[in-house]
>>> print(open('target08.cif').read())   # mmCIF, C-alpha atoms
data_coords
loop_
_atom_site.label_atom_id
_atom_site.label_comp_id
_atom_site.auth_asym_id
_atom_site.auth_seq_id
_atom_site.Cartn_x
_atom_site.Cartn_y
_atom_site.Cartn_z
CA MET A 1 12.49 1.17 8.18
CA MET A 2 9.03 0.33 6.85
CA LYS A 3 8.04 -2.88 5.09
CA TYR A 4 6.44 -3.10 1.67
CA ILE A 5 4.87 -6.28 0.32
CA SER A 6 4.03 -6.27 -3.37
CA PRO A 7 0.52 -7.05 -4.63
CA GLY A 8 0.30 -10.81 -4.81
CA ALA A 9 3.09 -10.97 -2.22
CA TRP A 10 5.79 -11.83 -4.76
CA PHE A 11 8.39 -9.90 -2.82
CA SER A 12 8.94 -7.64 0.18
CA LEU A 13 11.45 -4.90 0.85
CA GLU A 14 12.15 -2.27 3.47
CA TYR A 15 12.37 1.48 2.89
CA PRO A 16 13.15 4.50 5.12
CA ASP A 17 10.25 5.54 7.34
CA THR A 18 10.33 9.06 5.89
CA TRP A 19 9.64 7.67 2.40
CA ARG A 20 6.28 6.84 0.81
CA GLU A 21 5.02 4.77 -2.08
CA PHE A 22 3.70 6.74 -5.06
CA GLU A 23 1.75 5.99 -8.23
CA ASP A 24 3.97 4.82 -11.07
CA THR A 25 3.62 2.83 -14.27
CA GLU A 26 1.78 -0.47 -14.24
CA ASP A 27 3.77 -3.26 -12.51
CA SER A 28 6.36 -0.76 -11.23
CA PHE A 29 6.47 0.52 -7.65
CA LEU A 30 7.96 3.93 -6.80
CA PHE A 31 9.29 5.18 -3.45
CA TYR A 32 10.83 8.47 -2.31
CA ASN A 33 10.83 11.05 0.48
CA PRO A 34 8.18 13.67 -0.42
CA ASP A 35 9.51 16.21 2.09
CA GLN A 36 13.23 16.10 1.30
CA TRP A 37 13.98 14.40 -2.01
CA THR A 38 17.15 12.31 -2.03
CA GLY A 39 16.28 9.97 -4.88
CA ASN A 40 13.62 7.80 -6.52
CA PHE A 41 13.66 4.04 -6.01
CA ARG A 42 11.73 1.87 -8.47
CA ILE A 43 11.20 -1.87 -8.42
CA SER A 44 9.50 -4.33 -10.75
CA ALA A 45 9.16 -8.12 -10.62
CA TYR A 46 8.73 -10.65 -13.42
CA ARG A 47 8.32 -14.41 -13.53
CA GLY A 48 9.35 -16.85 -16.20
CA GLY A 49 10.40 -20.46 -16.51
CA THR A 50 13.09 -22.43 -14.74
CA GLY A 51 16.37 -20.50 -14.55
CA PHE A 52 14.71 -17.25 -15.63
CA ALA A 53 16.71 -15.12 -13.18
CA ASP A 54 20.08 -16.51 -14.27
CA ALA A 55 19.18 -16.12 -17.96
CA CYS A 56 18.15 -12.48 -17.46
CA ARG A 57 21.35 -11.66 -15.58
CA ALA A 58 23.43 -13.20 -18.35
CA GLU A 59 21.50 -11.27 -21.00
CA GLU A 60 21.94 -8.01 -19.05
CA LEU A 61 25.70 -8.55 -18.93
CA ARG A 62 25.80 -9.11 -22.69
CA GLN A 63 23.54 -6.24 -23.72
CA VAL A 64 24.32 -3.37 -21.33
CA PRO A 65 27.65 -1.53 -21.73
CA GLY A 66 29.56 -1.34 -18.46
CA ALA A 67 27.34 -3.86 -16.67
CA ARG A 68 29.09 -5.88 -13.99
CA ARG A 69 28.32 -8.47 -11.35
CA ILE A 70 28.14 -7.33 -7.71
CA SER A 71 26.71 -8.71 -4.47
CA LEU A 72 24.31 -6.73 -2.28
CA GLY A 73 23.61 -8.69 0.87
CA ASP A 74 22.39 -12.12 -0.22
CA TRP A 75 21.67 -10.96 -3.76
CA GLU A 76 23.79 -11.53 -6.83
CA CYS A 77 23.10 -8.50 -9.05
CA VAL A 78 24.06 -7.18 -12.43
CA ALA A 79 24.74 -3.47 -11.87
CA SER A 80 24.93 -0.61 -14.33
CA LYS A 81 24.28 3.13 -14.44
CA GLU A 82 23.46 5.95 -16.82
CA ASN A 83 23.59 9.74 -16.61
CA PHE A 84 20.99 12.10 -18.03
CA GLN A 85 20.11 15.79 -17.93
CA GLU A 86 16.73 17.26 -17.09
CA ASN A 87 15.94 20.98 -16.61
CA ASN A 88 19.68 21.75 -16.66
CA VAL A 89 20.37 19.31 -13.81
CA TRP A 90 22.40 16.13 -14.25
CA TYR A 91 21.14 12.91 -12.65
CA THR A 92 22.41 9.35 -12.37
CA THR A 93 20.20 6.27 -12.44
CA TRP A 94 21.73 3.15 -10.90
CA PHE A 95 20.33 -0.22 -12.00
CA TRP A 96 20.42 -3.59 -10.24
CA LEU A 97 19.00 -6.69 -11.88
CA THR A 98 18.66 -9.60 -9.50
CA GLY A 99 16.31 -12.42 -8.51
CA ALA A 100 16.22 -16.15 -7.92
CA ALA A 101 14.90 -19.21 -9.72
CA GLU A 102 11.92 -18.13 -11.87
CA THR A 103 11.62 -14.58 -10.46
CA VAL A 104 13.53 -11.52 -11.68
CA ILE A 105 13.68 -8.28 -9.71
CA ASP A 106 14.57 -5.08 -11.57
CA CYS A 107 15.56 -2.14 -9.31
CA SER A 108 16.70 1.40 -10.04
CA PHE A 109 17.68 4.40 -7.97
CA THR A 110 17.82 7.91 -9.47
CA THR A 111 19.60 10.74 -7.69
CA VAL A 112 21.55 13.88 -8.46
CA LYS A 113 24.78 13.07 -10.29
CA GLY A 114 27.65 12.67 -7.87
CA GLU A 115 25.46 11.49 -4.99
CA SER A 116 25.92 8.04 -3.51
CA PRO A 117 23.64 5.12 -4.51
CA ARG A 118 23.84 3.81 -0.93
CA GLN A 119 20.13 4.30 -0.13
CA GLY A 120 19.13 2.27 -3.16
CA GLU A 121 21.67 -0.43 -2.39
CA GLU A 122 20.39 -0.75 1.18
CA MET A 123 16.85 -1.28 -0.10
CA VAL A 124 18.02 -3.99 -2.48
CA ARG A 125 19.72 -5.74 0.43
CA THR A 126 16.38 -6.01 2.26
CA LEU A 127 14.65 -7.85 -0.58
CA ARG A 128 12.86 -11.11 0.19
CA LEU A 129 11.18 -13.31 -2.42
CA ARG A 130 8.23 -15.63 -1.96
CA ALA A 131 8.49 -18.92 -3.82
CA GLN A 132 5.42 -19.91 -5.83
CA GLY A 133 3.01 -21.69 -3.51
CA GLU A 134 4.70 -20.38 -0.34
CA ARG A 135 2.39 -18.74 2.19
CA TRP A 136 3.74 -15.81 4.16
CA PRO A 137 2.44 -15.08 7.67
CA ARG A 138 -0.23 -12.41 8.09
CA GLU A 139 1.34 -8.94 8.08
CA VAL A 140 0.12 -5.36 8.43
CA ILE A 141 2.02 -2.79 6.38
CA PRO A 142 1.60 0.92 5.53
CA VAL A 143 -1.30 1.37 3.14
CA ARG A 144 -0.23 0.74 -0.46
CA VAL A 145 -1.16 2.81 -3.51
CA LEU A 146 -3.28 -0.15 -4.67
CA GLU A 147 -5.46 0.02 -1.57
CA ILE A 148 -5.51 3.84 -1.56
CA ASN A 149 -7.02 3.73 -5.03
CA ALA A 150 -9.59 1.14 -3.93
CA ILE A 151 -10.47 3.21 -0.84
CA ASN A 152 -10.90 6.37 -2.92
CA GLU A 153 -13.05 4.60 -5.51
CA ALA A 154 -15.32 3.07 -2.87
CA TYR A 155 -15.53 6.33 -0.93
CA ASP A 156 -16.40 8.37 -4.02
CA TRP A 157 -19.18 5.92 -4.94
CA ALA A 158 -20.59 5.99 -1.42
CA VAL A 159 -20.51 9.79 -1.22
CA SER A 160 -22.16 10.14 -4.62
CA THR A 161 -24.86 7.66 -3.63
CA LEU A 162 -25.49 9.34 -0.29
CA LYS A 163 -25.83 12.75 -1.92
CA LYS A 164 -28.21 11.36 -4.52
CA GLN A 165 -30.38 9.60 -1.94
CA LEU A 166 -30.40 12.30 0.74
CA THR A 167 -29.60 15.49 -1.25
CA LYS A 168 -27.11 16.57 1.42
CA ASP A 169 -23.33 16.81 1.65
CA PHE A 170 -21.19 14.13 3.23
CA THR A 171 -18.16 15.50 5.08
CA SER A 172 -16.89 12.40 6.93
CA VAL A 173 -17.82 13.64 10.41
CA GLU A 174 -19.61 11.78 13.18
CA ALA A 175 -23.00 13.23 12.25
CA ASP A 176 -22.71 11.54 8.85
CA ILE A 177 -23.00 8.12 10.49
CA ASP A 178 -26.77 8.63 10.58
CA SER A 179 -26.78 9.50 6.88
CA ILE A 180 -25.03 6.26 5.94
CA GLN A 181 -27.40 4.33 8.20
CA ARG A 182 -30.48 5.86 6.58
CA VAL A 183 -29.35 4.84 3.10
CA MET A 184 -28.32 1.36 4.30
CA ASP A 185 -31.74 0.89 5.87
CA SER A 186 -33.66 2.30 2.89
CA GLY A 187 -34.17 -1.09 1.26
CA LYS A 188 -32.78 0.17 -2.05
CA PHE A 189 -29.78 -2.15 -1.98
CA HIS A 190 -30.02 -5.92 -2.23
CA SER A 191 -28.11 -8.09 0.20
CA SER A 192 -26.13 -9.56 -2.71
CA GLN A 193 -24.63 -6.18 -3.68
CA ARG A 194 -21.38 -6.74 -1.83
CA GLN A 195 -19.50 -3.85 -3.44
CA ALA A 196 -22.18 -1.36 -2.35
CA TRP A 197 -22.18 -2.54 1.26
CA GLU A 198 -18.40 -2.56 1.47
CA SER A 199 -18.33 0.96 0.01
CA PHE A 200 -20.65 2.15 2.78
CA GLY A 201 -18.18 0.55 5.20
CA ILE A 202 -15.28 2.47 3.63
CA ALA A 203 -17.24 5.73 4.06
CA PHE A 204 -17.73 4.76 7.71
CA GLY A 205 -13.98 4.16 7.91
CA ALA A 206 -13.34 7.69 6.64
CA ILE A 207 -15.38 9.00 9.59
CA LEU A 208 -13.28 6.94 12.01
CA VAL A 209 -10.08 8.41 10.54
CA ASN A 210 -11.39 11.98 10.82
CA GLU A 211 -12.87 11.66 14.30
CA MET A 212 -10.28 9.49 16.06
CA ASP A 213 -6.79 10.97 15.97
CA GLY A 214 -4.30 8.17 15.37
CA MET A 215 -6.63 5.97 13.31
CA ASP A 216 -5.00 5.38 9.92
CA TRP A 217 -5.40 3.17 6.88
CA VAL A 218 -3.10 0.19 6.52
CA THR A 219 -2.87 -2.80 4.19
CA VAL A 220 -3.38 -6.32 5.56
CA VAL A 221 -1.67 -9.15 3.68
CA ASP A 222 -3.01 -12.51 4.82
CA GLY A 223 -2.36 -15.34 2.40
CA ALA A 224 -4.39 -14.70 -0.74
CA LYS A 225 -6.33 -11.91 0.99
CA GLU A 226 -5.00 -8.35 0.71
CA TYR A 227 -7.28 -5.55 1.85
CA PRO A 228 -7.38 -2.09 3.45
CA ALA A 229 -8.11 -1.79 7.16
CA LEU A 230 -7.65 0.69 9.99
CA ARG A 231 -5.16 0.53 12.83
CA PHE A 232 -5.07 2.83 15.82
CA ALA A 233 -1.69 4.44 16.55
CA GLY A 234 0.36 1.32 15.86
CA SER A 235 -1.59 -0.62 18.50
CA ALA A 236 -3.23 -4.03 18.26
CA LEU A 237 -6.60 -2.35 17.62
CA MET A 238 -7.54 -3.18 14.02
CA VAL A 239 -10.80 -2.30 12.28
CA ASP A 240 -11.98 -3.63 8.91
CA PRO A 241 -14.80 -1.18 8.14
CA ALA A 242 -15.86 -2.86 4.90
CA ALA A 243 -16.22 -6.19 6.68
CA ILE A 244 -18.13 -4.60 9.58
CA VAL A 245 -20.97 -3.84 7.17
CA TRP A 246 -20.72 -6.67 4.66
CA ASP A 247 -20.36 -9.50 7.20
CA LYS A 248 -23.58 -8.45 8.93
CA VAL A 249 -25.49 -8.04 5.67
CA ARG A 250 -24.50 -11.39 4.20
CA GLU A 251 -25.53 -13.09 7.44
CA GLY A 252 -28.94 -11.41 7.24
CA LYS A 253 -28.31 -9.31 10.35
CA SER A 254 -28.81 -5.61 10.91
CA CYS A 255 -25.73 -3.40 11.19
CA SER A 256 -25.83 -0.44 13.56
CA LEU A 257 -22.99 1.88 12.60
CA ARG A 258 -23.65 4.02 15.66
CA ALA A 259 -23.16 1.01 17.94
CA GLU A 260 -19.99 0.05 16.06
CA TYR A 261 -18.68 3.60 16.35
CA GLU A 262 -19.26 3.68 20.11
CA ARG A 263 -17.64 0.26 20.51
CA ILE A 264 -14.53 1.33 18.59
CA ARG A 265 -14.35 4.67 20.41
CA ALA A 266 -14.47 2.85 23.77
CA GLN A 267 -11.57 0.63 22.68
CA VAL A 268 -9.58 3.70 21.63
CA GLU A 269 -10.23 5.35 24.98
CA ASP A 270 -9.10 2.19 26.80
CA ILE A 271 -5.79 2.31 24.91
CA LEU A 272 -5.30 6.01 25.63
CA ASN A 273 -6.10 5.52 29.34
CA ALA A 274 -3.66 2.62 29.57
CA ASP A 275 -0.93 4.74 27.99
CA GLU A 276 -1.54 7.49 30.56
CA ALA A 277 -1.52 5.12 33.53
#
>>> encode(input="target08.cif", output="structure tokens")
Amino acid sequence: MMKYISPGAWFSLEYPDTWREFEDTEDSFLFYNPDQWTGNFRISAYRGGTGFADACRAEELRQVPGARRISLGDWECVASKENFQENNVWYTTWFWLTGAAETVIDCSFTTVKGESPRQGEEMVRTLRLRAQGERWPREVIPVRVLEINAINEAYDWAVSTLKKQLTKDFTSVEADIDSIQRVMDSGKFHSSQRQAWESFGIAFGAILVNEMDGMDWVTVVDGAKEYPALRFAGSALMVDPAAIVWDKVREGKSCSLRAEYERIRAQVEDILNADEA
């Protein structure tokens, strides 16, 4: 199972390691297996005043035909279902409304009609809520859609800027390190332009992913800070490429991407050699 922590760390849940998070509507998070579809799981969270969760459960029982109370693990849920047809195939969506105190969690699982809702129920059982003001420990989770979008936006800006400044393509290979360095050293970007420097760091991160097999994007959730980083093959080696650049710039220091690349590559080689020993 893989862990997911929502933006803002309102809640966490676990999902099968063959599943992935996908883009969905605003404030709704979608998960399914892209290789062998067995169902879509969606989850949303809402906050209200004191007793909000109990009030919403009571309203669900009153308003939804066939709704009933069930327990899934530690969670008291109001469950219901509906059938629908799409492209001549019948599906069933199972709904579970749950939560605690001021937080409501709305979950659904859609699968082919007649199939079991067990996968969805198991995910509901893994839910954990964070009380307002509670600080969760630092965790590293698979990269979320939120961070993927931020990575892509920063990368696209950096690539566009590099092409404009150097009139050459950027293909995220080791040779492109020198291209990023030339633009960083050009003097055309002020030290206060944090977004620009972090975007150059993200482009550097794309090179690390392409050149070092096993280096992948993850999301770090650390208190109020939530940001994309790189981790090598599930090891303790973590790299925050945006911070590599920005931290040096804001301190008035020079940043040698080539030196950083060689340092990270040496750490990767140390891990690989230790695994072989």
>>> closest_residue(input="target08.cif", among="A:Ser256, A:Asn210, A:Asn149, A:Gln119", to="Ile180 (chain A)", atoms="all atoms listed in the file")
A:Ser256
>>> atom_distance(input="target08.cif", atom1="CA of Arg265 (chain A)", atom2="CA of Ala229 (chain A)")
16.0 Å
>>> resolve_selection(input="target08.cif", expression="the PyMOL selection byres ((chain A and resi 61) around 12)", output="ChimeraX atom specification")
/A:54-60,62-70,77-80,96-98
>>> write_last_selection(input="target08.cif", atoms="C-alpha atoms", output="PDB file, keeping the file's coordinate frame")
ATOM      1  CA  ASP A  54      20.080 -16.510 -14.270  1.00  0.00           C
ATOM      2  CA  ALA A  55      19.180 -16.120 -17.960  1.00  0.00           C
ATOM      3  CA  CYS A  56      18.150 -12.480 -17.460  1.00  0.00           C
ATOM      4  CA  ARG A  57      21.350 -11.660 -15.580  1.00  0.00           C
ATOM      5  CA  ALA A  58      23.430 -13.200 -18.350  1.00  0.00           C
ATOM      6  CA  GLU A  59      21.500 -11.270 -21.000  1.00  0.00           C
ATOM      7  CA  GLU A  60      21.940  -8.010 -19.050  1.00  0.00           C
ATOM      8  CA  ARG A  62      25.800  -9.110 -22.690  1.00  0.00           C
ATOM      9  CA  GLN A  63      23.540  -6.240 -23.720  1.00  0.00           C
ATOM     10  CA  VAL A  64      24.320  -3.370 -21.330  1.00  0.00           C
ATOM     11  CA  PRO A  65      27.650  -1.530 -21.730  1.00  0.00           C
ATOM     12  CA  GLY A  66      29.560  -1.340 -18.460  1.00  0.00           C
ATOM     13  CA  ALA A  67      27.340  -3.860 -16.670  1.00  0.00           C
ATOM     14  CA  ARG A  68      29.090  -5.880 -13.990  1.00  0.00           C
ATOM     15  CA  ARG A  69      28.320  -8.470 -11.350  1.00  0.00           C
ATOM     16  CA  ILE A  70      28.140  -7.330  -7.710  1.00  0.00           C
ATOM     17  CA  CYS A  77      23.100  -8.500  -9.050  1.00  0.00           C
ATOM     18  CA  VAL A  78      24.060  -7.180 -12.430  1.00  0.00           C
ATOM     19  CA  ALA A  79      24.740  -3.470 -11.870  1.00  0.00           C
ATOM     20  CA  SER A  80      24.930  -0.610 -14.330  1.00  0.00           C
ATOM     21  CA  TRP A  96      20.420  -3.590 -10.240  1.00  0.00           C
ATOM     22  CA  LEU A  97      19.000  -6.690 -11.880  1.00  0.00           C
ATOM     23  CA  THR A  98      18.660  -9.600  -9.500  1.00  0.00           C
TER      24      THR A  98
END
>>> resolve_selection(input="target08.cif", expression="the PyMOL selection byres ((chain A and resi 211-225) around 9)", output="ChimeraX atom specification")
/A:5,7-9,135-144,147-148,172-174,205-210,226-234,265,268
>>> residues_around(input="target08.cif", residues="Phe95 (chain A)", least_positions_apart="5", cutoff="9 Å", atoms="all atoms listed in the file", output="ChimeraX atom specification")
/A:78-82,106-110
>>> atom_distance(input="target08.cif", atom1="CA of Glu21 (chain A)", atom2="CA of Ser116 (chain A)")
21.2 Å
>>> residues_around(input="target08.cif", residues="region 150-152 of chain A", least_positions_apart="4", cutoff="8 Å", atoms="all atoms listed in the file", output="number ranges by chain")
A: 146, 156, 202, 228
>>> resolve_selection(input="target08.cif", expression="the PyMOL selection byres ((chain A and resi 43) around 8)", output="PyMOL selection string")
chain A and resi 28-30+41-42+44-45+105-108
>>> atom_distance(input="target08.cif", atom1="CA of Pro241 (chain A)", atom2="CA of Asp185 (chain A)")
17.2 Å
>>> residues_around(input="target08.cif", residues="Asp247 (chain A)", least_positions_apart="4", cutoff="12 Å", atoms="only C-alpha atoms", output="PDB file with C-alpha atoms, in the coordinates of the input")
ATOM      1  CA  SER A 191     -28.110  -8.090   0.200  1.00  0.00           C
ATOM      2  CA  SER A 192     -26.130  -9.560  -2.710  1.00  0.00           C
ATOM      3  CA  ARG A 194     -21.380  -6.740  -1.830  1.00  0.00           C
ATOM      4  CA  TRP A 197     -22.180  -2.540   1.260  1.00  0.00           C
ATOM      5  CA  GLU A 198     -18.400  -2.560   1.470  1.00  0.00           C
ATOM      6  CA  GLY A 201     -18.180   0.550   5.200  1.00  0.00           C
ATOM      7  CA  ASP A 240     -11.980  -3.630   8.910  1.00  0.00           C
ATOM      8  CA  PRO A 241     -14.800  -1.180   8.140  1.00  0.00           C
ATOM      9  CA  ALA A 242     -15.860  -2.860   4.900  1.00  0.00           C
ATOM     10  CA  ALA A 243     -16.220  -6.190   6.680  1.00  0.00           C
ATOM     11  CA  GLU A 251     -25.530 -13.090   7.440  1.00  0.00           C
ATOM     12  CA  GLY A 252     -28.940 -11.410   7.240  1.00  0.00           C
ATOM     13  CA  LYS A 253     -28.310  -9.310  10.350  1.00  0.00           C
ATOM     14  CA  SER A 254     -28.810  -5.610  10.910  1.00  0.00           C
ATOM     15  CA  CYS A 255     -25.730  -3.400  11.190  1.00  0.00           C
TER      16      CYS A 255
END
>>> decode(input="target08.cif", residues="region 186-274 of chain A", atoms="C-alpha atoms", output="mmCIF file, in the first residue's frame")
data_model
loop_
_atom_site.group_PDB
_atom_site.id
_atom_site.type_symbol
_atom_site.label_atom_id
_atom_site.label_comp_id
_atom_site.auth_asym_id
_atom_site.auth_seq_id
_atom_site.Cartn_x
_atom_site.Cartn_y
_atom_site.Cartn_z
ATOM 1 C CA SER A 186 24.060 35.762 -17.355
ATOM 2 C CA GLY A 187 23.058 38.445 -14.861
ATOM 3 C CA LYS A 188 19.599 38.750 -16.422
ATOM 4 C CA PHE A 189 17.795 37.503 -13.322
ATOM 5 C CA HIS A 190 17.707 39.395 -10.035
ATOM 6 C CA SER A 191 18.441 37.571 -6.806
ATOM 7 C CA SER A 192 14.919 38.364 -5.593
ATOM 8 C CA GLN A 193 13.260 36.411 -8.435
ATOM 9 C CA ARG A 194 12.727 33.273 -6.386
ATOM 10 C CA GLN A 195 10.340 31.605 -8.833
ATOM 11 C CA ALA A 196 12.860 31.903 -11.675
ATOM 12 C CA TRP A 197 15.705 30.388 -9.661
ATOM 13 C CA GLU A 198 13.551 27.557 -8.368
ATOM 14 C CA SER A 199 12.391 26.849 -11.925
ATOM 15 C CA PHE A 200 16.015 26.493 -13.033
ATOM 16 C CA GLY A 201 16.398 24.043 -10.145
ATOM 17 C CA ILE A 202 13.402 22.024 -11.368
ATOM 18 C CA ALA A 203 14.974 21.843 -14.855
ATOM 19 C CA PHE A 204 18.153 20.581 -13.173
ATOM 20 C CA GLY A 205 16.009 18.005 -11.361
ATOM 21 C CA ALA A 206 14.645 16.780 -14.697
ATOM 22 C CA ILE A 207 18.233 16.081 -15.774
ATOM 23 C CA LEU A 208 18.849 14.080 -12.590
ATOM 24 C CA VAL A 209 15.746 11.975 -13.279
ATOM 25 C CA ASN A 210 16.796 11.278 -16.874
ATOM 26 C CA GLU A 211 20.450 10.557 -16.159
ATOM 27 C CA MET A 212 20.240 8.617 -12.883
ATOM 28 C CA ASP A 213 18.046 5.529 -13.118
ATOM 29 C CA GLY A 214 16.023 5.231 -9.923
ATOM 30 C CA MET A 215 15.803 8.967 -9.213
ATOM 31 C CA ASP A 216 12.115 9.911 -9.043
ATOM 32 C CA TRP A 217 9.935 12.801 -7.955
ATOM 33 C CA VAL A 218 8.215 12.574 -4.586
ATOM 34 C CA THR A 219 6.203 14.946 -2.404
ATOM 35 C CA VAL A 220 7.568 16.016 0.986
ATOM 36 C CA VAL A 221 5.008 17.005 3.618
ATOM 37 C CA ASP A 222 6.699 18.732 6.544
ATOM 38 C CA GLY A 223 4.359 20.782 8.695
ATOM 39 C CA ALA A 224 3.122 23.718 6.632
ATOM 40 C CA LYS A 225 5.710 23.002 3.924
ATOM 41 C CA GLU A 226 4.707 20.718 1.047
ATOM 42 C CA TYR A 227 7.026 20.562 -1.940
ATOM 43 C CA PRO A 228 8.387 18.318 -4.707
ATOM 44 C CA ALA A 229 11.773 16.664 -4.249
ATOM 45 C CA LEU A 230 13.747 13.737 -5.617
ATOM 46 C CA ARG A 231 14.472 10.435 -3.917
ATOM 47 C CA PHE A 232 16.802 7.761 -5.201
ATOM 48 C CA ALA A 233 15.325 4.246 -5.378
ATOM 49 C CA GLY A 234 13.495 4.442 -2.060
ATOM 50 C CA SER A 235 16.758 5.193 -0.235
ATOM 51 C CA ALA A 236 17.539 7.936 2.271
ATOM 52 C CA LEU A 237 19.111 10.026 -0.515
ATOM 53 C CA MET A 238 16.834 13.037 -1.006
ATOM 54 C CA VAL A 239 17.455 15.986 -3.317
ATOM 55 C CA ASP A 240 15.505 19.256 -3.370
ATOM 56 C CA PRO A 241 16.646 20.695 -6.715
ATOM 57 C CA ALA A 242 14.708 23.949 -6.375
ATOM 58 C CA ALA A 243 16.307 24.609 -2.992
ATOM 59 C CA ILE A 244 19.783 23.722 -4.304
ATOM 60 C CA VAL A 245 19.624 26.790 -6.543
ATOM 61 C CA TRP A 246 17.462 29.179 -4.545
ATOM 62 C CA ASP A 247 19.220 28.687 -1.194
ATOM 63 C CA LYS A 248 22.570 29.620 -2.734
ATOM 64 C CA VAL A 249 21.162 32.633 -4.578
ATOM 65 C CA ARG A 250 19.363 34.124 -1.592
ATOM 66 C CA GLU A 251 22.543 33.776 0.469
ATOM 67 C CA GLY A 252 24.483 35.653 -2.222
ATOM 68 C CA LYS A 253 26.577 32.602 -3.116
ATOM 69 C CA SER A 254 27.365 31.116 -6.494
ATOM 70 C CA CYS A 255 25.725 27.818 -7.435
ATOM 71 C CA SER A 256 27.679 25.349 -9.539
ATOM 72 C CA LEU A 257 25.215 22.867 -10.978
ATOM 73 C CA ARG A 258 28.053 20.763 -12.338
ATOM 74 C CA ALA A 259 29.534 20.398 -8.846
ATOM 75 C CA GLU A 260 26.096 19.546 -7.436
ATOM 76 C CA TYR A 261 25.554 16.970 -10.167
ATOM 77 C CA GLU A 262 28.880 15.266 -9.448
ATOM 78 C CA ARG A 263 28.177 15.297 -5.706
ATOM 79 C CA ILE A 264 24.768 13.673 -6.180
ATOM 80 C CA ARG A 265 26.124 11.147 -8.677
ATOM 81 C CA ALA A 266 28.844 10.133 -6.187
ATOM 82 C CA GLN A 267 26.181 9.569 -3.514
ATOM 83 C CA VAL A 268 24.162 7.432 -5.932
ATOM 84 C CA GLU A 269 27.227 5.365 -6.769
ATOM 85 C CA ASP A 270 27.946 4.855 -3.059
ATOM 86 C CA ILE A 271 24.426 3.464 -2.584
ATOM 87 C CA LEU A 272 24.726 1.174 -5.603
ATOM 88 C CA ASN A 273 28.152 -0.099 -4.454
ATOM 89 C CA ALA A 274 26.813 -0.787 -0.963
#
